[in-house]
file my_file-v5.tsv (TSV, C-alpha atoms)
chain	number	residue	atom	x	y	z
A	28	ASN	CA	-10.99	-17.56	1.13
A	29	ALA	CA	-12.43	-14.56	2.88
A	30	GLY	CA	-10.63	-11.30	2.47
A	31	VAL	CA	-9.58	-8.93	5.20
A	32	MET	CA	-12.56	-8.42	7.50
A	33	GLN	CA	-13.04	-5.26	9.47
A	34	ASN	CA	-15.78	-4.50	11.92
A	35	PRO	CA	-17.70	-2.53	12.60
A	36	ARG	CA	-18.09	-0.82	9.23
A	37	HIS	CA	-19.41	2.30	10.91
A	38	LEU	CA	-18.81	3.43	14.46
A	39	VAL	CA	-20.20	6.50	16.17
A	40	ARG	CA	-18.69	7.62	19.44
A	41	ARG	CA	-19.20	10.64	21.64
A	42	ARG	CA	-16.19	12.72	22.57
A	43	GLY	CA	-14.32	11.10	25.46
A	44	GLN	CA	-15.49	7.55	24.74
A	45	GLU	CA	-13.33	4.68	23.57
A	46	ALA	CA	-13.35	3.24	20.07
A	47	ARG	CA	-12.30	-0.32	19.28
A	48	LEU	CA	-11.75	-1.31	15.68
A	49	ARG	CA	-11.23	-4.94	14.75
A	50	CYS	CA	-9.42	-6.52	11.86
A	51	SER	CA	-9.22	-10.17	10.90
A	52	PRO	CA	-6.49	-10.70	8.31
A	53	MET	CA	-6.76	-12.99	5.35
A	54	LYS	CA	-6.25	-16.63	6.16
A	55	GLY	CA	-2.57	-17.43	6.48
A	56	HIS	CA	-1.51	-13.79	6.76
A	57	SER	CA	0.45	-12.89	9.85
A	58	HIS	CA	1.34	-9.29	8.95
A	59	VAL	CA	-1.20	-6.57	9.68
A	60	TYR	CA	-1.08	-2.85	8.93
A	61	TRP	CA	-3.38	-0.05	9.97
A	62	TYR	CA	-3.89	3.06	7.87
A	63	ARG	CA	-6.01	6.14	8.46
A	64	GLN	CA	-7.67	8.25	5.81
A	65	LEU	CA	-8.79	11.72	6.78
A	66	PRO	CA	-11.29	13.50	4.53
A	67	GLU	CA	-9.75	14.60	1.21
A	68	GLU	CA	-6.43	12.97	2.06
A	69	GLY	CA	-4.57	9.82	1.14
A	70	LEU	CA	-4.07	6.86	3.43
A	71	LYS	CA	-1.51	7.43	6.17
A	72	PHE	CA	0.43	4.55	7.68
A	73	MET	CA	-0.16	4.10	11.40
A	74	VAL	CA	1.23	0.79	12.63
A	75	TYR	CA	2.60	-2.55	11.48
A	76	LEU	CA	2.15	-5.68	13.58
A	77	GLN	CA	3.02	-9.31	13.38
A	78	LYS	CA	1.49	-11.85	15.70
A	79	GLU	CA	1.91	-10.55	19.26
A	80	ASN	CA	4.52	-7.97	18.17
A	81	ILE	CA	4.42	-4.32	17.20
A	82	ILE	CA	7.05	-3.90	14.52
A	83	ASP	CA	6.60	-0.25	13.64
A	84	GLU	CA	4.24	2.23	15.26
A	85	SER	CA	5.89	5.35	13.89
A	86	GLY	CA	2.62	6.58	12.37
A	87	MET	CA	0.59	6.25	15.55
A	88	PRO	CA	-0.25	9.38	17.55
A	89	LYS	CA	1.73	9.32	20.76
A	90	GLU	CA	-1.26	9.40	23.04
A	91	ARG	CA	-4.65	7.67	23.18
A	92	PHE	CA	-3.93	5.25	20.31
A	93	SER	CA	-2.79	1.67	20.73
A	94	ALA	CA	-2.81	-1.49	18.65
A	95	GLU	CA	-2.43	-5.17	19.29
A	96	PHE	CA	-2.44	-8.40	17.35
A	97	PRO	CA	-2.81	-11.25	19.82
A	98	LYS	CA	-1.87	-14.85	19.19
A	99	GLU	CA	-5.55	-15.70	18.89
A	100	GLY	CA	-8.16	-13.37	17.51
A	101	PRO	CA	-8.25	-10.23	15.43
A	102	SER	CA	-6.00	-7.21	15.51
A	103	ILE	CA	-7.48	-4.34	17.53
A	104	LEU	CA	-6.91	-0.63	17.06
A	105	ARG	CA	-7.97	1.16	20.20
A	106	ILE	CA	-8.57	4.88	20.52
A	107	GLN	CA	-9.18	6.19	24.01
A	108	GLN	CA	-10.97	9.43	24.83
A	109	VAL	CA	-11.84	10.10	21.22
A	110	VAL	CA	-11.93	13.66	19.88
A	111	ARG	CA	-13.60	15.07	16.77
A	112	GLY	CA	-10.29	15.03	14.90
A	113	ASP	CA	-10.22	11.23	15.17
A	114	SER	CA	-13.14	11.04	12.76
A	115	ALA	CA	-11.77	9.22	9.73
A	116	ALA	CA	-11.82	5.97	7.81
A	117	TYR	CA	-9.49	3.40	9.32
A	118	PHE	CA	-8.25	0.68	7.00
A	119	CYS	CA	-6.56	-2.53	7.91
A	120	ALA	CA	-4.41	-4.49	5.47
A	121	SER	CA	-2.70	-7.84	5.72
A	122	SER	CA	0.05	-9.61	3.85
A	123	LEU	CA	1.70	-12.99	3.75
A	124	GLY	CA	5.15	-11.59	4.43
A	125	GLY	CA	6.81	-8.29	5.06
A	126	GLY	CA	8.90	-6.31	2.60
A	127	ASN	CA	7.18	-5.77	-0.71
A	128	SER	CA	4.58	-8.49	-0.21
A	129	GLN	CA	1.31	-7.33	-1.64
A	130	ALA	CA	-1.04	-6.01	1.02
A	131	PHE	CA	-4.77	-6.65	0.80
A	132	PHE	CA	-7.07	-4.09	2.36
A	133	GLY	CA	-10.28	-4.48	4.28
A	134	GLN	CA	-13.35	-2.35	3.65
A	135	GLY	CA	-12.50	-0.01	6.46
A	136	THR	CA	-14.21	1.29	9.58
A	137	ARG	CA	-15.63	4.77	9.36
A	138	LEU	CA	-15.37	6.39	12.77
A	139	THR	CA	-17.50	9.43	13.50
A	140	VAL	CA	-16.98	11.31	16.72
A	141	VAL	CA	-19.91	13.48	17.74
B	24	ASP	CA	6.05	16.65	3.71
B	25	GLN	CA	4.17	14.90	0.94
B	26	GLN	CA	6.60	12.36	-0.50
B	27	VAL	CA	4.08	11.00	-3.01
B	28	LYS	CA	2.02	13.53	-4.92
B	29	GLN	CA	-0.95	13.19	-7.18
B	30	ASN	CA	-1.46	16.71	-8.41
B	31	SER	CA	-4.70	16.12	-10.28
B	32	PRO	CA	-7.55	15.59	-7.85
B	33	SER	CA	-9.90	14.60	-10.64
B	34	LEU	CA	-9.98	13.49	-14.26
B	35	SER	CA	-12.83	12.94	-16.72
B	36	VAL	CA	-12.41	10.75	-19.80
B	37	GLN	CA	-14.77	9.49	-22.50
B	38	GLU	CA	-15.48	5.78	-22.59
B	39	GLY	CA	-13.11	4.00	-24.96
B	40	ARG	CA	-10.39	6.63	-24.66
B	41	ILE	CA	-7.15	6.46	-22.72
B	42	SER	CA	-7.01	7.54	-19.08
B	43	ILE	CA	-3.63	8.72	-17.83
B	44	LEU	CA	-3.14	9.18	-14.11
B	45	ASN	CA	0.07	10.75	-12.87
B	46	CYS	CA	2.11	10.47	-9.71
B	47	ASP	CA	5.32	12.17	-8.60
B	48	TYR	CA	7.58	11.24	-5.73
B	49	THR	CA	10.45	12.93	-3.97
B	50	ASN	CA	12.23	10.10	-2.13
B	51	SER	CA	14.89	8.49	-4.32
B	52	MET	CA	14.98	5.51	-1.93
B	53	PHE	CA	11.56	4.32	-3.10
B	54	ASP	CA	12.00	1.14	-5.09
B	55	TYR	CA	8.51	-0.29	-5.34
B	56	PHE	CA	5.40	1.44	-6.59
B	57	LEU	CA	1.78	0.41	-6.63
B	58	TRP	CA	-1.56	1.64	-7.84
B	59	TYR	CA	-4.71	1.00	-5.87
B	60	LYS	CA	-8.27	1.61	-6.94
B	61	LYS	CA	-10.95	2.59	-4.45
B	62	TYR	CA	-14.71	2.69	-4.77
B	63	PRO	CA	-16.80	4.66	-2.26
B	64	ALA	CA	-17.30	2.87	1.07
B	65	GLU	CA	-14.84	0.13	0.12
B	66	GLY	CA	-11.21	-0.53	0.86
B	67	PRO	CA	-8.45	0.05	-1.70
B	68	THR	CA	-8.00	-2.77	-4.19
B	69	PHE	CA	-4.59	-3.55	-5.60
B	70	LEU	CA	-4.36	-2.86	-9.31
B	71	ILE	CA	-0.79	-3.07	-10.53
B	72	SER	CA	2.76	-2.57	-9.28
B	73	ILE	CA	6.21	-1.92	-10.62
B	74	SER	CA	9.68	-2.41	-9.24
B	75	SER	CA	12.31	0.25	-9.76
B	76	ILE	CA	14.36	-2.11	-11.91
B	77	LYS	CA	11.68	-1.87	-14.58
B	78	ASP	CA	10.26	1.05	-16.50
B	79	LYS	CA	7.03	-0.53	-17.61
B	80	ASN	CA	4.59	-3.15	-16.41
B	81	GLU	CA	1.46	-4.18	-18.24
B	82	ASP	CA	-1.60	-6.11	-17.10
B	83	GLY	CA	-4.49	-6.22	-19.53
B	84	ARG	CA	-5.89	-2.71	-19.98
B	85	PHE	CA	-3.58	-1.30	-17.30
B	86	THR	CA	0.01	-0.22	-17.85
B	87	VAL	CA	2.25	1.52	-15.36
B	88	PHE	CA	5.26	3.51	-16.56
B	89	LEU	CA	8.13	4.52	-14.30
B	90	ASN	CA	10.56	7.33	-15.07
B	91	LYS	CA	13.15	7.19	-12.30
B	92	SER	CA	15.14	10.19	-13.44
B	93	ALA	CA	12.01	12.35	-13.32
B	94	LYS	CA	10.70	10.56	-10.21
B	95	HIS	CA	7.42	10.13	-12.00
B	96	LEU	CA	5.07	7.29	-12.67
B	97	SER	CA	1.87	7.06	-14.58
B	98	LEU	CA	-1.01	4.65	-14.95
B	99	HIS	CA	-2.56	4.21	-18.37
B	100	ILE	CA	-5.97	2.63	-18.78
B	101	VAL	CA	-6.90	1.69	-22.34
B	102	PRO	CA	-9.70	1.54	-23.26
B	103	SER	CA	-11.39	3.27	-20.35
B	104	GLN	CA	-14.70	1.82	-19.20
B	105	PRO	CA	-17.44	3.31	-16.99
B	106	GLY	CA	-16.63	0.67	-14.35
B	107	ASP	CA	-13.16	2.20	-14.05
B	108	SER	CA	-14.70	5.27	-12.39
B	109	ALA	CA	-13.13	5.32	-8.93
B	110	VAL	CA	-10.41	7.03	-6.91
B	111	TYR	CA	-6.92	5.86	-7.83
B	112	PHE	CA	-4.11	5.99	-5.30
B	113	CYS	CA	-0.45	5.81	-6.10
B	114	ALA	CA	1.75	4.33	-3.34
B	115	ALA	CA	5.47	3.84	-2.89
B	116	SER	CA	7.75	1.96	-0.54
B	117	SER	CA	11.47	1.56	0.00
B	118	GLY	CA	11.83	-2.17	0.34
B	119	THR	CA	9.66	-2.25	3.41
B	120	TYR	CA	6.04	-2.78	4.30
B	121	LYS	CA	5.36	0.91	4.80
B	122	TYR	CA	3.47	2.26	1.84
B	123	ILE	CA	3.37	6.02	1.38
B	124	PHE	CA	0.18	6.97	-0.42
B	125	GLY	CA	-0.67	9.93	-2.59
B	126	THR	CA	-3.89	11.86	-2.04
B	127	GLY	CA	-5.68	10.16	-4.92
B	128	THR	CA	-7.17	11.10	-8.29
B	129	ARG	CA	-10.87	10.68	-8.88
B	130	LEU	CA	-11.41	9.24	-12.36
B	131	LYS	CA	-14.77	9.57	-14.02
B	132	VAL	CA	-15.32	7.68	-17.26
B	133	LEU	CA	-18.21	9.13	-19.22
B	134	ALA	CA	-20.43	6.79	-21.20

call {"tool": "encode", "arguments": {"input": "my_file-v5.tsv", "output": "structure tokens"}}
result
Amino acid sequence: NAGVMQNPRHLVRRRGQEARLRCSPMKGHSHVYWYRQLPEEGLKFMVYLQKENIIDESGMPKERFSAEFPKEGPSILRIQQVVRGDSAAYFCASSLGGGNSQAFFGQGTRLTVV
Amino acid sequence: DQQVKQNSPSLSVQEGRISILNCDYTNSMFDYFLWYKKYPAEGPTFLISISSIKDKNEDGRFTVFLNKSAKHLSLHIVPSQPGDSAVYFCAASSGTYKYIFGTGTRLKVLA
């Protein structure tokens, strides 16, 4: 049973380009969460999705960031017109249910904006 | 506003001794607490959790203690091993999916 798969592991983008980060949850998991870790900081909640629905996006920046979790395929975190401050590690987690169900994390995507 | 605080950014312990990692929180609505361990270039790995109805939970070498009145929890690792060297994150939630993480403590276990 594969764990949470994120790709790419490393992504380099120039300022103004778009970044697409993918996350395939563990088999059978329909709850997906995205977290961001800035250098020297803890993980910050961004968004919580269930299949085809955004449940909570209170941690997402208001502009340029969007997330989806389609019926088929991985969850995508999309960052448009990236800026240097977007450079961070982005972690995806999945769980079987909501509430206090244990979340399993992927290895993360390290985004570097140059 | 940092609701979950890990005030020690780093900790060094001799192999075989006890490691104690601390975490403080401010939100009295938190009712579920977790510890995650993270190696460089990897995602966080769940270690142990505790519900607010308990004050202690033990799993092998790892024990988490919760002091609700002090809004404090700690992770004890006994005996510490070199493979335990990692960054440890404390996280809390209030009956929901949204974990609030601390900034982490880097543990180094010296052989």

call {"tool": "closest_residue", "arguments": {"input": "my_file-v5.tsv", "among": "A:Val39, A:Met53, A:Ala116, A:Ala94", "to": "chain B", "atoms": "only C-alpha atoms"}}
result
A:Ala116

call {"tool": "atom_distance", "arguments": {"input": "my_file-v5.tsv", "atom1": "atom CA of Lys121 of chain B", "atom2": "atom CA of Ile82 of chain A"}}
result
11.0 Å

call {"tool": "interface_residues", "arguments": {"input": "my_file-v5.tsv", "of": "chain A", "to": "chain B", "cutoff": "12 Å", "atoms": "only C-alpha atoms", "output": "PDB file with C-alpha atoms, in the frame of the given file"}}
result
ATOM      1  CA  GLY A  30     -10.630 -11.300   2.470  1.00  0.00           C
ATOM      2  CA  VAL A  31      -9.580  -8.930   5.200  1.00  0.00           C
ATOM      3  CA  MET A  32     -12.560  -8.420   7.500  1.00  0.00           C
ATOM      4  CA  GLN A  33     -13.040  -5.260   9.470  1.00  0.00           C
ATOM      5  CA  ARG A  36     -18.090  -0.820   9.230  1.00  0.00           C
ATOM      6  CA  HIS A  37     -19.410   2.300  10.910  1.00  0.00           C
ATOM      7  CA  HIS A  58       1.340  -9.290   8.950  1.00  0.00           C
ATOM      8  CA  VAL A  59      -1.200  -6.570   9.680  1.00  0.00           C
ATOM      9  CA  TYR A  60      -1.080  -2.850   8.930  1.00  0.00           C
ATOM     10  CA  TRP A  61      -3.380  -0.050   9.970  1.00  0.00           C
ATOM     11  CA  TYR A  62      -3.890   3.060   7.870  1.00  0.00           C
ATOM     12  CA  ARG A  63      -6.010   6.140   8.460  1.00  0.00           C
ATOM     13  CA  GLN A  64      -7.670   8.250   5.810  1.00  0.00           C
ATOM     14  CA  LEU A  65      -8.790  11.720   6.780  1.00  0.00           C
ATOM     15  CA  PRO A  66     -11.290  13.500   4.530  1.00  0.00           C
ATOM     16  CA  GLU A  67      -9.750  14.600   1.210  1.00  0.00           C
ATOM     17  CA  GLU A  68      -6.430  12.970   2.060  1.00  0.00           C
ATOM     18  CA  GLY A  69      -4.570   9.820   1.140  1.00  0.00           C
ATOM     19  CA  LEU A  70      -4.070   6.860   3.430  1.00  0.00           C
ATOM     20  CA  LYS A  71      -1.510   7.430   6.170  1.00  0.00           C
ATOM     21  CA  PHE A  72       0.430   4.550   7.680  1.00  0.00           C
ATOM     22  CA  MET A  73      -0.160   4.100  11.400  1.00  0.00           C
ATOM     23  CA  VAL A  74       1.230   0.790  12.630  1.00  0.00           C
ATOM     24  CA  TYR A  75       2.600  -2.550  11.480  1.00  0.00           C
ATOM     25  CA  LEU A  76       2.150  -5.680  13.580  1.00  0.00           C
ATOM     26  CA  GLN A  77       3.020  -9.310  13.380  1.00  0.00           C
ATOM     27  CA  ILE A  82       7.050  -3.900  14.520  1.00  0.00           C
ATOM     28  CA  ASP A  83       6.600  -0.250  13.640  1.00  0.00           C
ATOM     29  CA  GLU A  84       4.240   2.230  15.260  1.00  0.00           C
ATOM     30  CA  SER A  85       5.890   5.350  13.890  1.00  0.00           C
ATOM     31  CA  GLY A  86       2.620   6.580  12.370  1.00  0.00           C
ATOM     32  CA  ALA A 116     -11.820   5.970   7.810  1.00  0.00           C
ATOM     33  CA  TYR A 117      -9.490   3.400   9.320  1.00  0.00           C
ATOM     34  CA  PHE A 118      -8.250   0.680   7.000  1.00  0.00           C
ATOM     35  CA  CYS A 119      -6.560  -2.530   7.910  1.00  0.00           C
ATOM     36  CA  ALA A 120      -4.410  -4.490   5.470  1.00  0.00           C
ATOM     37  CA  SER A 121      -2.700  -7.840   5.720  1.00  0.00           C
ATOM     38  CA  SER A 122       0.050  -9.610   3.850  1.00  0.00           C
ATOM     39  CA  LEU A 123       1.700 -12.990   3.750  1.00  0.00           C
ATOM     40  CA  GLY A 124       5.150 -11.590   4.430  1.00  0.00           C
ATOM     41  CA  GLY A 125       6.810  -8.290   5.060  1.00  0.00           C
ATOM     42  CA  GLY A 126       8.900  -6.310   2.600  1.00  0.00           C
ATOM     43  CA  ASN A 127       7.180  -5.770  -0.710  1.00  0.00           C
ATOM     44  CA  SER A 128       4.580  -8.490  -0.210  1.00  0.00           C
ATOM     45  CA  GLN A 129       1.310  -7.330  -1.640  1.00  0.00           C
ATOM     46  CA  ALA A 130      -1.040  -6.010   1.020  1.00  0.00           C
ATOM     47  CA  PHE A 131      -4.770  -6.650   0.800  1.00  0.00           C
ATOM     48  CA  PHE A 132      -7.070  -4.090   2.360  1.00  0.00           C
ATOM     49  CA  GLY A 133     -10.280  -4.480   4.280  1.00  0.00           C
ATOM     50  CA  GLN A 134     -13.350  -2.350   3.650  1.00  0.00           C
ATOM     51  CA  GLY A 135     -12.500  -0.010   6.460  1.00  0.00           C
ATOM     52  CA  THR A 136     -14.210   1.290   9.580  1.00  0.00           C
ATOM     53  CA  ARG A 137     -15.630   4.770   9.360  1.00  0.00           C
TER      54      ARG A 137
END

call {"tool": "residues_near_point", "arguments": {"input": "my_file-v5.tsv", "point": "(-7.1, -2.9, -21.8)", "cutoff": "9 Å", "atoms": "only C-alpha atoms", "output": "PDB file with C-alpha atoms, in the coordinates of the input"}}
result
ATOM      1  CA  ASP B  82      -1.600  -6.110 -17.100  1.00  0.00           C
ATOM      2  CA  GLY B  83      -4.490  -6.220 -19.530  1.00  0.00           C
ATOM      3  CA  ARG B  84      -5.890  -2.710 -19.980  1.00  0.00           C
ATOM      4  CA  PHE B  85      -3.580  -1.300 -17.300  1.00  0.00           C
ATOM      5  CA  THR B  86       0.010  -0.220 -17.850  1.00  0.00           C
ATOM      6  CA  ILE B 100      -5.970   2.630 -18.780  1.00  0.00           C
ATOM      7  CA  VAL B 101      -6.900   1.690 -22.340  1.00  0.00           C
ATOM      8  CA  PRO B 102      -9.700   1.540 -23.260  1.00  0.00           C
ATOM      9  CA  SER B 103     -11.390   3.270 -20.350  1.00  0.00           C
TER      10      SER B 103
END

call {"tool": "atom_distance", "arguments": {"input": "my_file-v5.tsv", "atom1": "atom CA of His95 of chain B", "atom2": "atom CA of Tyr48 of chain B"}}
result
6.4 Å

call {"tool": "closest_residue", "arguments": {"input": "my_file-v5.tsv", "among": "B:Ser75, B:Ala115, B:Val132, B:Asp107", "to": "Ser92 of chain B", "atoms": "all atoms listed in the file"}}
result
B:Ser75

call {"tool": "build_atoms", "arguments": {"input": "my_file-v5.tsv", "residues": "segment 80-91 of chain A", "atoms": "all heavy atoms", "output": "tab-separated table (two decimals), in the coordinates of the input"}}
result
chain	number	residue	atom	x	y	z
A	80	ASN	N	3.44	-8.96	18.17
A	80	ASN	CA	4.52	-7.97	18.17
A	80	ASN	C	4.15	-6.72	17.39
A	80	ASN	O	3.59	-6.80	16.31
A	80	ASN	CB	5.79	-8.57	17.55
A	80	ASN	CG	6.38	-9.65	18.40
A	80	ASN	OD1	6.64	-9.45	19.58
A	80	ASN	ND2	6.59	-10.81	17.82
A	81	ILE	N	4.51	-5.57	17.94
A	81	ILE	CA	4.42	-4.32	17.20
A	81	ILE	C	5.78	-4.10	16.56
A	81	ILE	O	6.79	-4.00	17.26
A	81	ILE	CB	4.07	-3.14	18.13
A	81	ILE	CG1	2.67	-3.34	18.73
A	81	ILE	CG2	4.13	-1.82	17.35
A	81	ILE	CD1	2.30	-2.30	19.76
A	82	ILE	N	5.79	-4.04	15.23
A	82	ILE	CA	7.05	-3.90	14.52
A	82	ILE	C	7.39	-2.43	14.29
A	82	ILE	O	8.53	-2.01	14.41
A	82	ILE	CB	7.01	-4.63	13.16
A	82	ILE	CG1	6.57	-6.09	13.34
A	82	ILE	CG2	8.36	-4.54	12.45
A	82	ILE	CD1	7.46	-6.90	14.26
A	83	ASP	N	6.38	-1.66	13.94
A	83	ASP	CA	6.60	-0.25	13.64
A	83	ASP	C	5.34	0.51	13.98
A	83	ASP	O	4.30	0.25	13.38
A	83	ASP	CB	6.97	-0.08	12.16
A	83	ASP	CG	7.26	1.36	11.75
A	83	ASP	OD1	6.93	2.30	12.51
A	83	ASP	OD2	7.80	1.56	10.65
A	84	GLU	N	5.42	1.41	14.91
A	84	GLU	CA	4.24	2.23	15.26
A	84	GLU	C	4.56	3.71	15.05
A	84	GLU	O	3.98	4.58	15.70
A	84	GLU	CB	3.79	1.96	16.69
A	84	GLU	CG	4.86	2.16	17.74
A	84	GLU	CD	4.36	1.84	19.15
A	84	GLU	OE1	3.15	1.68	19.34
A	84	GLU	OE2	5.21	1.75	20.05
A	85	SER	N	5.43	3.98	14.10
A	85	SER	CA	5.89	5.35	13.89
A	85	SER	C	4.78	6.29	13.40
A	85	SER	O	4.89	7.50	13.53
A	85	SER	CB	7.05	5.39	12.90
A	85	SER	OG	6.66	4.81	11.66
A	86	GLY	N	3.71	5.74	12.86
A	86	GLY	CA	2.62	6.58	12.37
A	86	GLY	C	1.50	6.76	13.38
A	86	GLY	O	0.50	7.44	13.10
A	87	MET	N	1.65	6.18	14.53
A	87	MET	CA	0.59	6.25	15.55
A	87	MET	C	0.75	7.56	16.34
A	87	MET	O	1.86	7.90	16.77
A	87	MET	CB	0.71	5.08	16.52
A	87	MET	CG	0.33	3.77	15.90
A	87	MET	SD	-1.42	3.47	16.00
A	87	MET	CE	-1.47	2.64	17.58
A	88	PRO	N	-0.34	8.26	16.61
A	88	PRO	CA	-0.25	9.38	17.55
A	88	PRO	C	0.28	8.89	18.88
A	88	PRO	O	0.04	7.74	19.29
A	88	PRO	CB	-1.72	9.84	17.66
A	88	PRO	CG	-2.35	9.40	16.37
A	88	PRO	CD	-1.67	8.11	16.02
A	89	LYS	N	1.02	9.75	19.54
A	89	LYS	CA	1.73	9.32	20.76
A	89	LYS	C	0.79	8.98	21.90
A	89	LYS	O	1.10	8.15	22.76
A	89	LYS	CB	2.70	10.42	21.21
A	89	LYS	CG	3.84	10.66	20.23
A	89	LYS	CD	4.87	9.55	20.29
A	89	LYS	CE	6.06	9.83	19.39
A	89	LYS	NZ	5.82	9.41	18.02
A	90	GLU	N	-0.34	9.62	21.92
A	90	GLU	CA	-1.26	9.40	23.04
A	90	GLU	C	-2.59	8.88	22.53
A	90	GLU	O	-2.97	9.12	21.39
A	90	GLU	CB	-1.49	10.73	23.79
A	90	GLU	CG	-0.22	11.25	24.44
A	90	GLU	CD	-0.42	12.63	25.04
A	90	GLU	OE1	-1.47	13.24	24.81
A	90	GLU	OE2	0.49	13.09	25.75
A	91	ARG	N	-3.27	8.15	23.34
A	91	ARG	CA	-4.65	7.67	23.18
A	91	ARG	C	-4.79	6.52	22.18
A	91	ARG	O	-5.80	5.84	22.20
A	91	ARG	CB	-5.59	8.82	22.76
A	91	ARG	CG	-5.61	9.99	23.72
A	91	ARG	CD	-6.67	11.02	23.35
A	91	ARG	NE	-6.42	11.61	22.02
A	91	ARG	CZ	-7.12	11.34	20.92
A	91	ARG	NH1	-8.14	10.49	20.96
A	91	ARG	NH2	-6.82	11.92	19.77
